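For reference, the structure is listed below as structure tokens.
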There are 2 protein chains.
Amino acid sequence: MKVAIIGGGAAGMTAASRVKALRPNWDVMVFEKSGFVSHAPCGIPFYVGGAVNHFEELCAYDIQHFRVERGIDVHVNSRVVSVDDGQITVEEEGREKEYEWDKLLFATGSRAQRLNVVGEELDGILCVNDVDRAQEVKAKAMNSENVVIIGSGYIGVEMADAISRLGKKVTVIEVRERPLPEYDAEIAAIIKSEMEKVVELKLSERVVAFEGKERVEKVITNKGEYPCDLAIVAVGVHPNTEIASRFIKLGKSGAIKTNSRMETSRENVYAAGDCAESTNVVTGKEDWIPLAAPANKMGYVAGVNIAGLEMHYPGSLKSQLTSFRDLEIGKAGLSESEAIREGFEVVSAFITSRTSARYLPGGLIHLKVVADRNGKLLGVQAAGKDVSMRIYAASALLYNGCNVKDMFFTDFPYYPPISRVWDPLVVAARNLFRKLGIP
Amino acid sequence: MKVAIIGGGAAGMTAASRVKALRPNWDVMVFEKSGFVSHAPCGIPFYVGGAVNHFEELCAYDIQHFRVERGIDVHVNSRVVSVDDGQITVEEEGREKEYEWDKLLFATGSRAQRLNVVGEELDGILCVNDVDRAQEVKAKAMNSENVVIIGSGYIGVEMADAISRLGKKVTVIEVRERPLPEYDAEIAAIIKSEMEKVVELKLSERVVAFEGKERVEKVITNKGEYPCDLAIVAVGVHPNTEIASRFIKLGKSGAIKTNSRMETSRENVYAAGDCAESTNVVTGKEDWIPLAAPANKMGYVAGVNIAGLEMHYPGSLKSQLTSFRDLEIGKAGLSESEAIREGFEVVSAFITSRTSARYLPGGLIHLKVVADRNGKLLGVQAAGKDVSMRIYAASALLYNGCNVKDMFFTDFPYYPPISRVWDPLVVAARNLFRKLGIP
């Protein structure tokens with residue numbers, strides 16, 4: 001059997017490894033357009049900010065490892081031109097080649113969205129979701145005085161943290177009224193006040209143009225203009241589906257439609273990772289969740305099914321963690337605004353709690369828990385200290401369709417330096433009891 | 001209605017508060033034999049080690065708060081002598097008084113076990129589970145050169161950490177072959193090597209006597225003798241059930257038998273906290289789990305039911321976190337040895353993983369996951385760095401009766417500085433897949 005995999009990122013390489021582990025005699029080919037496989041774009045902010053010294057460290061494994069240790073036929077600098085039934089056309093070393101396949105996986109990932117404004121082609125305007133741009137971003141950041149970051153999603157926030165650590169003046173421009181707009185206002189307010197200590201944060205401003213002679217000199221918004229040597233565009237990502245869309249069905253989100261076995265609309269054709277839709281476990285609906293951990297698991301499930309065995313991907317929760325300086329930030333499931341948009345009738349609790357026993361130093365955590373009218377948990381957001389343990393726990397509760405009573409009664413361990421005998425999650429659940437008529 | 005509560009610790013004060021919140025007009029009396037209520041014995045090691053400066057900080061609230069703010073009739077230095085139908089006899093200020101009750105709660109807690117060896121009555125031999133002994137322990141530790149700690153459960157380990165921080169020579173004597181015997185050998189080996197850096201650890205040794213003229217001078221074991229100025233006995237706890245046992249049924253463990261409403265064998269009589277049995281969520285059997293967080297929740301449930309409403313306590317997982325110096329340690333559910341003792345056929349995975357992305361500093365976590373032959377999770381143990389987030393997540397998974405596939409597919413958030421795209425929990429689950437025939 002010949003398996004062709006388009007894309008050598010997280011999903012593609014995980015699927016390839018799985019197929020070879022289960023079917024050592026099958027031919028598994030991976031076609032990757034960049035020079036890297038199993039690359040780690042999530043690490044770019046840490047490389048730019050100086051926590052990672054060497055660019056090479058951002059690639060999880062070298063290509064030889066996959067070729068020699070795992071027996072995968074890895075093609076890099078190999079761009080897929082078209083896909084037909086049983087055949088794939090690839091541009092390699094300047095010429096087109098054809099390869100046959102019995103099973104095909106789209107793992108083409110996502111790319112940074114563009115603003116589509118005047119001047120966007122100027123030198124000094126960069127996106128950061130490709131590992132092969134990391135060195136350029138870092139070099140330019142080091143040589144800049146004023147950096148403007150457009151967008152304050154996870155990547156915008158992490159890049160603002162990283163570049164401000166280099167001692168540069170950073171301005172962040174966000175079109176919506178708060179940073180990290182996936183969070184509700186209560187949590188975003190805390191993030192905002194932390195960001196404003198070290199960067200200029202311009203909210204509810206829309207970038208309308210870039211200006212400059214040879215390279216970018218100014219970012220123009222609907223409210224003002226900001227001089228800069230470097231502009232980073234981090235306004236979201238877009239699934240890479242140009243080739244797939246001619247061959248298989250896309251979903252409403254624009255990503256490739258899949259079922260729980262990561263099968264697409266065409267037999268023997270699979271999709272996984274940032275280019276594919278999957279289920280949002282909280283809403284139960286198809287969703288597009290372009291994140292690294294889900295991408296790896298989708299790749300794993302695709303690999304098992306491609307190998308002829310059966311495994312189902314239950315979907316994800318969009319769980320995320322990040323930080324800005326000392327403020328840890330995390331979310332699993334839906335915000336209150338997202339839940340309302342999805343048609344849920346919601347109740348919510350926003351609490352601030354110490355993270356340690358009263359008599360020990362610790363810190364503060366701000367926590368918001370959203371549930372439906374029956375008490376079913378819909379989402380948890382947090383900012384402050386010791387956020388990760390609460391978001392990890394929330395992820396497990398949300399994955400299991402738990403309600404606020406489960407959150408209250410889950411036996412979280414008490415250890416005075418880092419938790420409380422009434423954990424903040426338990427306090428939030430108790431707060432929701434009152435709103436739900438639970439004694 | 002008159003509610004009498006025996007014991008003003010976590011369970012008693014939580015229940016009292018709950019009853020008054022739901023039934024403000026009822027009389028709620030609490031009889032506490034010490035001078036403190038809502039005390040925090042878990043904080044004693046931090047007070048002794050110097051992280052907490054003032055003894056008073058170990059009491060969560062002062063008595064006036066409960067009296068004035070919550071309307072609870074708190075009696076301190078009030079020892080219950082006997083309990084009869086509808087009546088309780090209490091010794092207060094040197095004389096016996098009687099009080100009537102319509103509903104009664106036993107929240108009498110636990111006390112330190114004794115070794116029952118020769119010389120145990122000598123001065124300088126102390127236990128640490130009562131807040132009112134904290135000052136004495138600290139004062140004696142400060143004035144000692146050699147301290148022997150007998151027992152290496154949670155309290156023994158935390159006291160060894162605390163007293164070694166005071167610059168004292170600490171010897172820990174454990175009768176079993178490893179420290180923290182509730183953990184399996186793989187995890188205990190890591191704890192052992194960390195402890196041995198700063199304390200003398202004597203394993204498989206049984207204390208047979210104490211020697212000294214006026215105060216303790218030596219601890220004698222079956223293998224040797226250890227000079228000391230202070231000996232701390234931390235060999236477990238025992239439920240306080242002397243009065244209860246004459247009035248209501250005890251369970252197999254020796255603690256008070258309860259149902260999920262915290263009702264005892266006699267109508268209108270409840271029990272909660274360290275003196276009461278509850279359900280072990282993993283085994284589904286009655287168990288005795290004397291820990292602070294479960295005690296509070298049992299008190300909450302008892303309070304709701306005493307108030308005439310209905311709430312059920314699902315039980316607990318014995319979830320715990322602790323640390324020794326920089327080593328974080330945690331457990332939820334059963335160890336492999338405990339699971340085998342309970343009659344489960346088990347599979348287990350022991351892994352060591354980095355806690356951060358490869359390209360960032362982070363540290364190592366050692367993780368053991370135990371499941372039954374059908375893949376149902378039975379327990380998780382960990383030692384190393386960033387343990388709490390994994391034990392929090394494990395607690396939520398175990399509480400929900402999850403299996404290894406759920407552990408694999410739970411969408412844990414990936415953030416390079418503190419987690420991995422394949423979280424250690426997910427790696428352990430994948431490891432168990434192989435043993436369970438999951439592709």
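By convention here, the chains of the structure tokens are called A, B, ... in the order presented, each chain's residues are numbered starting at 1, and ligands are numbered starting at 1 in the order presented.
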
Original post:
Near Gly151 in chain B, counting only C-alpha atoms, which residues have an atom at most 8 Å away, once you skip same-chain residues fewer than 3 positions from it, shown as a PyMOL selection string?
Top reply: chain B and resi 156+172-175+233-236

Subject >> chain A residues near chain B (7 Å cut-off, only C-alpha atoms) as a ChimeraX atom specification >> reply: /A:43,51-52,57-58,292-294,304,316-317,319-322,359-360,388-389,392-393,395-397,399,410-416,421-422,439

Store the residues picked out above in a file with C-alpha atoms, as a PDB file, in the first residue's frame.
ATOM      1  CA  GLY A  43       8.045  28.203  19.927  1.00  0.00           C
ATOM      2  CA  ALA A  51      14.443  32.091  25.814  1.00  0.00           C
ATOM      3  CA  VAL A  52      15.473  29.802  22.949  1.00  0.00           C
ATOM      4  CA  GLU A  57      15.876  23.806  18.358  1.00  0.00           C
ATOM      5  CA  LEU A  58      12.401  24.666  17.068  1.00  0.00           C
ATOM      6  CA  ALA A 292      -0.999  22.034  18.024  1.00  0.00           C
ATOM      7  CA  ALA A 293      -2.159  19.443  20.567  1.00  0.00           C
ATOM      8  CA  PRO A 294      -5.426  18.658  18.719  1.00  0.00           C
ATOM      9  CA  VAL A 304      -4.645   4.490  12.901  1.00  0.00           C
ATOM     10  CA  SER A 316     -11.377  19.234  21.289  1.00  0.00           C
ATOM     11  CA  LEU A 317     -12.163  22.044  23.695  1.00  0.00           C
ATOM     12  CA  SER A 319      -7.965  24.523  25.521  1.00  0.00           C
ATOM     13  CA  GLN A 320      -5.206  27.086  25.672  1.00  0.00           C
ATOM     14  CA  LEU A 321      -2.611  28.454  28.031  1.00  0.00           C
ATOM     15  CA  THR A 322      -0.413  31.466  27.584  1.00  0.00           C
ATOM     16  CA  TYR A 359      -1.113  31.954  55.846  1.00  0.00           C
ATOM     17  CA  LEU A 360       1.326  31.397  52.946  1.00  0.00           C
ATOM     18  CA  SER A 388      -2.439  25.821  34.452  1.00  0.00           C
ATOM     19  CA  MET A 389      -3.624  23.349  37.095  1.00  0.00           C
ATOM     20  CA  TYR A 392      -5.963  21.245  33.085  1.00  0.00           C
ATOM     21  CA  ALA A 393      -8.682  20.183  35.517  1.00  0.00           C
ATOM     22  CA  SER A 395     -10.273  20.487  30.408  1.00  0.00           C
ATOM     23  CA  ALA A 396     -10.856  17.073  31.973  1.00  0.00           C
ATOM     24  CA  LEU A 397     -14.240  18.159  33.376  1.00  0.00           C
ATOM     25  CA  TYR A 399     -14.200  16.783  28.051  1.00  0.00           C
ATOM     26  CA  THR A 410     -14.068  16.544  42.270  1.00  0.00           C
ATOM     27  CA  ASP A 411     -11.515  15.744  44.927  1.00  0.00           C
ATOM     28  CA  PHE A 412      -8.828  18.311  44.125  1.00  0.00           C
ATOM     29  CA  PRO A 413      -5.827  17.830  46.370  1.00  0.00           C
ATOM     30  CA  TYR A 414      -5.157  20.414  49.047  1.00  0.00           C
ATOM     31  CA  TYR A 415      -1.584  21.474  49.660  1.00  0.00           C
ATOM     32  CA  PRO A 416      -1.254  24.809  51.478  1.00  0.00           C
ATOM     33  CA  VAL A 421      -8.943  23.617  50.997  1.00  0.00           C
ATOM     34  CA  TRP A 422     -11.767  25.164  48.937  1.00  0.00           C
ATOM     35  CA  PRO A 439     -28.380  24.180  48.195  1.00  0.00           C
TER      36      PRO A 439
END

Original post:
Mind checking DSSP for range 23-236 of chain B and telling me the alpha helix (DSSP H) residues as a PyMOL selection string?
Top reply: chain B and resi 44-49+63-64+134-142+154-165+185-195

Go ahead and write the selection's residues with N, CA and C atoms as a CSV table (one decimal), in the first residue's frame.
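Written output follows (result02.csv):
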chain,number,residue,atom,x,y,z
B,44,ILE,N,0.8,23.3,59.9
B,44,ILE,CA,1.8,23.2,61.0
B,44,ILE,C,3.2,23.1,60.4
B,45,PRO,N,3.5,22.2,59.4
B,45,PRO,CA,4.9,22.1,58.9
B,45,PRO,C,5.4,23.5,58.4
B,46,PHE,N,4.5,24.3,57.9
B,46,PHE,CA,5.0,25.6,57.3
B,46,PHE,C,5.2,26.6,58.4
B,47,TYR,N,4.5,26.4,59.5
B,47,TYR,CA,4.8,27.3,60.7
B,47,TYR,C,6.1,26.8,61.3
B,48,VAL,N,6.3,25.5,61.5
B,48,VAL,CA,7.5,25.1,62.1
B,48,VAL,C,8.7,25.4,61.2
B,49,GLY,N,8.6,25.3,59.9
B,49,GLY,CA,9.7,25.5,59.0
B,49,GLY,C,10.0,27.0,58.8
B,63,ILE,N,-13.1,33.1,66.5
B,63,ILE,CA,-14.4,32.6,67.0
B,63,ILE,C,-15.5,33.7,66.8
B,64,GLN,N,-15.1,34.9,67.1
B,64,GLN,CA,-16.2,36.0,67.0
B,64,GLN,C,-16.8,36.1,65.6
B,134,ALA,N,1.3,23.1,67.9
B,134,ALA,CA,2.2,23.7,66.9
B,134,ALA,C,3.3,24.5,67.6
B,135,GLN,N,2.9,25.4,68.6
B,135,GLN,CA,3.9,26.3,69.2
B,135,GLN,C,4.9,25.5,69.9
B,136,GLU,N,4.5,24.4,70.6
B,136,GLU,CA,5.4,23.6,71.4
B,136,GLU,C,6.4,22.9,70.5
B,137,VAL,N,5.8,22.3,69.4
B,137,VAL,CA,6.7,21.7,68.4
B,137,VAL,C,7.8,22.6,67.9
B,138,LYS,N,7.3,23.8,67.5
B,138,LYS,CA,8.3,24.8,66.9
B,138,LYS,C,9.3,25.2,67.9
B,139,ALA,N,8.9,25.5,69.1
B,139,ALA,CA,9.8,25.9,70.2
B,139,ALA,C,10.9,24.8,70.4
B,140,LYS,N,10.4,23.6,70.5
B,140,LYS,CA,11.3,22.5,70.8
B,140,LYS,C,12.2,22.2,69.6
B,141,ALA,N,11.7,22.3,68.4
B,141,ALA,CA,12.6,22.1,67.2
B,141,ALA,C,13.7,23.2,67.2
B,142,MET,N,13.3,24.4,67.5
B,142,MET,CA,14.3,25.5,67.5
B,142,MET,C,15.4,25.2,68.4
B,154,TYR,N,2.8,11.7,54.7
B,154,TYR,CA,2.8,13.1,54.3
B,154,TYR,C,3.3,14.0,55.4
B,155,ILE,N,2.8,13.8,56.7
B,155,ILE,CA,3.2,14.6,57.8
B,155,ILE,C,4.7,14.4,58.1
B,156,GLY,N,5.2,13.2,58.1
B,156,GLY,CA,6.6,12.9,58.3
B,156,GLY,C,7.5,13.6,57.3
B,157,VAL,N,7.1,13.5,56.1
B,157,VAL,CA,7.9,14.1,55.0
B,157,VAL,C,7.9,15.6,55.1
B,158,GLU,N,6.7,16.2,55.3
B,158,GLU,CA,6.7,17.7,55.4
B,158,GLU,C,7.4,18.2,56.7
B,159,MET,N,7.3,17.5,57.8
B,159,MET,CA,8.0,17.9,59.0
B,159,MET,C,9.6,17.7,58.8
B,160,ALA,N,10.0,16.7,58.1
B,160,ALA,CA,11.4,16.5,57.8
B,160,ALA,C,11.9,17.6,57.0
B,161,ASP,N,11.2,18.1,56.0
B,161,ASP,CA,11.5,19.2,55.2
B,161,ASP,C,11.6,20.4,56.0
B,162,ALA,N,10.6,20.7,56.8
B,162,ALA,CA,10.5,21.9,57.7
B,162,ALA,C,11.7,22.0,58.7
B,163,ILE,N,11.9,20.9,59.4
B,163,ILE,CA,12.9,21.0,60.5
B,163,ILE,C,14.3,21.0,59.9
B,164,SER,N,14.5,20.3,58.8
B,164,SER,CA,15.9,20.4,58.2
B,164,SER,C,16.1,21.8,57.7
B,165,ARG,N,15.1,22.5,57.3
B,165,ARG,CA,15.3,23.9,56.9
B,165,ARG,C,15.8,24.8,58.1
B,185,ALA,N,6.9,1.8,44.3
B,185,ALA,CA,8.4,1.8,44.4
B,185,ALA,C,9.0,2.8,43.5
B,186,GLU,N,8.5,2.9,42.2
B,186,GLU,CA,9.2,3.7,41.2
B,186,GLU,C,9.2,5.2,41.7
B,187,ILE,N,8.1,5.6,42.2
B,187,ILE,CA,8.0,7.0,42.6
B,187,ILE,C,8.7,7.2,43.9
B,188,ALA,N,8.5,6.2,44.8
B,188,ALA,CA,9.1,6.3,46.1
B,188,ALA,C,10.7,6.4,46.0
B,189,ALA,N,11.2,5.8,45.0
B,189,ALA,CA,12.7,5.8,44.8
B,189,ALA,C,13.2,7.2,44.5
B,190,ILE,N,12.4,8.0,43.8
B,190,ILE,CA,12.7,9.4,43.5
B,190,ILE,C,12.6,10.2,44.7
B,191,ILE,N,11.6,10.0,45.5
B,191,ILE,CA,11.4,10.7,46.8
B,191,ILE,C,12.6,10.4,47.7
B,192,LYS,N,12.9,9.1,47.8
B,192,LYS,CA,14.0,8.7,48.7
B,192,LYS,C,15.3,9.4,48.3
B,193,SER,N,15.6,9.5,47.1
B,193,SER,CA,16.9,10.1,46.7
B,193,SER,C,16.9,11.6,47.0
B,194,GLU,N,15.8,12.2,46.9
B,194,GLU,CA,15.7,13.6,47.2
B,194,GLU,C,15.8,13.8,48.7
B,195,MET,N,15.1,13.0,49.5
B,195,MET,CA,15.2,13.1,51.0
B,195,MET,C,16.6,12.9,51.5

**OP:** Excluding Ser335 in chain B and residues on its chain fewer than 2 positions from it, collect all residues at most 7 Å away from it, counting only C-alpha atoms, and give them as a ChimeraX atom specification.
**Re:** /B:182-184,333,337-339,370,379

**OP:** Pull the strand (DSSP E or B) assignments for range 242-334 of chain A out of DSSP run on the backbone, and list those residues as a list in words.
**Re:** Leu250, Ile256, Glu263, Val269, Tyr270, Ala271, Ala276, Ser278, Thr279, Asn280, Glu286, Asp287, Ser316, Gln320, Leu321, Thr322, Ser323, Phe324, Leu327, Glu328, Ile329, Gly330, Lys331, Ala332 and Gly333 of chain A

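If you count only C-alpha atoms and ignore residues fewer than 3 places along the chain from Val30 in chain A, what sits within 8 Å of it is Ala4, Ile5, Ile6, Gly7, Gly8, Gly12, Met13, Ala16, Ile72, Asp73, Val74 and His75 of chain A.
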
Write the residues you've just listed into a file as a compact mmCIF listing (two decimals), in the first residue's frame, and include N, CA and C atoms for each of them.
# COMPACT_ATOMS: atom_id res chain seq x y z
N ALA A 4 0.20 8.61 0.80
CA ALA A 4 0.81 9.93 0.54
C ALA A 4 0.26 10.93 1.54
N ILE A 5 1.14 11.69 2.15
CA ILE A 5 0.74 12.67 3.16
C ILE A 5 1.22 14.04 2.70
N ILE A 6 0.28 14.97 2.58
CA ILE A 6 0.66 16.31 2.15
C ILE A 6 0.82 17.19 3.37
N GLY A 7 2.05 17.55 3.71
CA GLY A 7 2.32 18.39 4.87
C GLY A 7 3.09 17.63 5.94
N GLY A 8 4.22 18.17 6.34
CA GLY A 8 5.08 17.49 7.31
C GLY A 8 5.10 18.17 8.67
N GLY A 12 0.78 15.69 10.07
CA GLY A 12 1.32 14.85 9.02
C GLY A 12 2.36 13.87 9.54
N MET A 13 3.31 14.36 10.34
CA MET A 13 4.37 13.48 10.81
C MET A 13 3.85 12.48 11.85
N ALA A 16 2.09 9.83 9.79
CA ALA A 16 3.07 9.00 9.08
C ALA A 16 3.72 8.01 10.04
N ILE A 72 10.16 6.59 7.07
CA ILE A 72 9.21 7.43 6.33
C ILE A 72 9.96 8.11 5.18
N ASP A 73 9.33 8.08 4.02
CA ASP A 73 9.95 8.69 2.83
C ASP A 73 9.63 10.18 2.82
N VAL A 74 10.47 10.96 3.50
CA VAL A 74 10.20 12.39 3.68
C VAL A 74 10.76 13.20 2.51
N HIS A 75 9.89 13.97 1.86
CA HIS A 75 10.33 14.89 0.81
C HIS A 75 10.19 16.31 1.35

**OP:** Would you work out the distance separating CA of Ser245 in chain B from CA of Val118 in chain B, expressed in Å to one decimal?
**Re:**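 Going from CA of Ser245 in chain B over to CA of Val118 in chain B covers 28.5 Å.
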
Original post:
So how many Å separate CA of Phe350 in chain A and CA of Gly384 in chain A, to one decimal?
Top reply: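 Result for CA of Phe350 in chain A versus CA of Gly384 in chain A: 13.1 Å, one decimal.
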
Subject >> Surrounding residues of range 351-354 of chain A excluding itself and chain neighbours under 6 positions, 9 Å, only C-alpha atoms, as a PyMOL selection string >> reply: chain A and resi 362-369+385+419-420+423-424+427-428+431

Could the residues in this selection be written to a file with N, CA and C atoms, as a PDB file, in the first residue's frame?
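Final output, part_23.pdb:
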ATOM      1  N   GLY A 362       1.746  32.740  48.143  1.00  0.00           N
ATOM      2  CA  GLY A 362       0.829  32.496  47.020  1.00  0.00           C
ATOM      3  C   GLY A 362       0.550  33.749  46.215  1.00  0.00           C
ATOM      4  N   GLY A 363      -0.558  33.754  45.524  1.00  0.00           N
ATOM      5  CA  GLY A 363      -0.934  34.879  44.694  1.00  0.00           C
ATOM      6  C   GLY A 363      -2.433  34.866  44.476  1.00  0.00           C
ATOM      7  N   LEU A 364      -2.879  35.561  43.449  1.00  0.00           N
ATOM      8  CA  LEU A 364      -4.305  35.622  43.171  1.00  0.00           C
ATOM      9  C   LEU A 364      -4.609  34.969  41.827  1.00  0.00           C
ATOM     10  N   ILE A 365      -5.741  34.309  41.776  1.00  0.00           N
ATOM     11  CA  ILE A 365      -6.245  33.809  40.503  1.00  0.00           C
ATOM     12  C   ILE A 365      -7.649  34.387  40.291  1.00  0.00           C
ATOM     13  N   HIS A 366      -7.891  34.826  39.070  1.00  0.00           N
ATOM     14  CA  HIS A 366      -9.211  35.303  38.676  1.00  0.00           C
ATOM     15  C   HIS A 366      -9.798  34.233  37.769  1.00  0.00           C
ATOM     16  N   LEU A 367     -11.003  33.812  38.080  1.00  0.00           N
ATOM     17  CA  LEU A 367     -11.549  32.629  37.421  1.00  0.00           C
ATOM     18  C   LEU A 367     -12.976  32.920  36.994  1.00  0.00           C
ATOM     19  N   LYS A 368     -13.291  32.568  35.763  1.00  0.00           N
ATOM     20  CA  LYS A 368     -14.683  32.681  35.324  1.00  0.00           C
ATOM     21  C   LYS A 368     -15.148  31.316  34.846  1.00  0.00           C
ATOM     22  N   VAL A 369     -16.292  30.887  35.363  1.00  0.00           N
ATOM     23  CA  VAL A 369     -16.865  29.600  34.972  1.00  0.00           C
ATOM     24  C   VAL A 369     -18.235  29.862  34.368  1.00  0.00           C
ATOM     25  N   LYS A 385      -2.245  33.560  38.920  1.00  0.00           N
ATOM     26  CA  LYS A 385      -1.191  32.623  39.302  1.00  0.00           C
ATOM     27  C   LYS A 385      -1.761  31.199  39.322  1.00  0.00           C
ATOM     28  N   SER A 419      -2.492  25.324  46.824  1.00  0.00           N
ATOM     29  CA  SER A 419      -3.928  25.183  46.600  1.00  0.00           C
ATOM     30  C   SER A 419      -4.645  25.539  47.890  1.00  0.00           C
ATOM     31  N   ARG A 420      -5.942  25.462  47.834  1.00  0.00           N
ATOM     32  CA  ARG A 420      -6.731  25.866  48.991  1.00  0.00           C
ATOM     33  C   ARG A 420      -7.669  24.725  49.337  1.00  0.00           C
ATOM     34  N   ASP A 423     -10.799  24.863  46.765  1.00  0.00           N
ATOM     35  CA  ASP A 423     -10.102  25.308  45.559  1.00  0.00           C
ATOM     36  C   ASP A 423     -10.920  26.384  44.838  1.00  0.00           C
ATOM     37  N   PRO A 424     -10.235  27.323  44.164  1.00  0.00           N
ATOM     38  CA  PRO A 424     -10.975  28.329  43.391  1.00  0.00           C
ATOM     39  C   PRO A 424     -12.036  27.728  42.445  1.00  0.00           C
ATOM     40  N   VAL A 427     -14.910  26.947  44.688  1.00  0.00           N
ATOM     41  CA  VAL A 427     -15.579  28.186  45.110  1.00  0.00           C
ATOM     42  C   VAL A 427     -16.472  28.705  43.981  1.00  0.00           C
ATOM     43  N   ALA A 428     -15.968  28.655  42.751  1.00  0.00           N
ATOM     44  CA  ALA A 428     -16.767  29.111  41.610  1.00  0.00           C
ATOM     45  C   ALA A 428     -17.997  28.219  41.430  1.00  0.00           C
ATOM     46  N   ASN A 431     -20.501  29.124  43.984  1.00  0.00           N
ATOM     47  CA  ASN A 431     -21.125  30.379  43.562  1.00  0.00           C
ATOM     48  C   ASN A 431     -22.231  30.098  42.531  1.00  0.00           C
TER      49      ASN A 431
END

**OP:** Go through A:Val216, A:Ala429, A:Ala11, A:Leu104 one by one, measure the shortest atom-to-atom distance of each to Ile306 in chain A using only C-alpha atoms, and give the residue with the smallest value.
**Re:** A:Leu104

**OP:** Please measure the separation of CA of Ile289 in chain A and CA of Asp84 in chain A, giving the value in Å to one decimal.
**Re:**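 CA of Ile289 in chain A sits 27.3 Å away from CA of Asp84 in chain A.
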
**OP:** May I ask which of the residues B:Val237, B:Ala209, B:Ala272, B:Val170 is the closest one to Gly119 in chain B, counting only C-alpha atoms?
**Re:**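 Looking only at the distances to Gly119 in chain B, the closest residue turns out to be B:Ala209.
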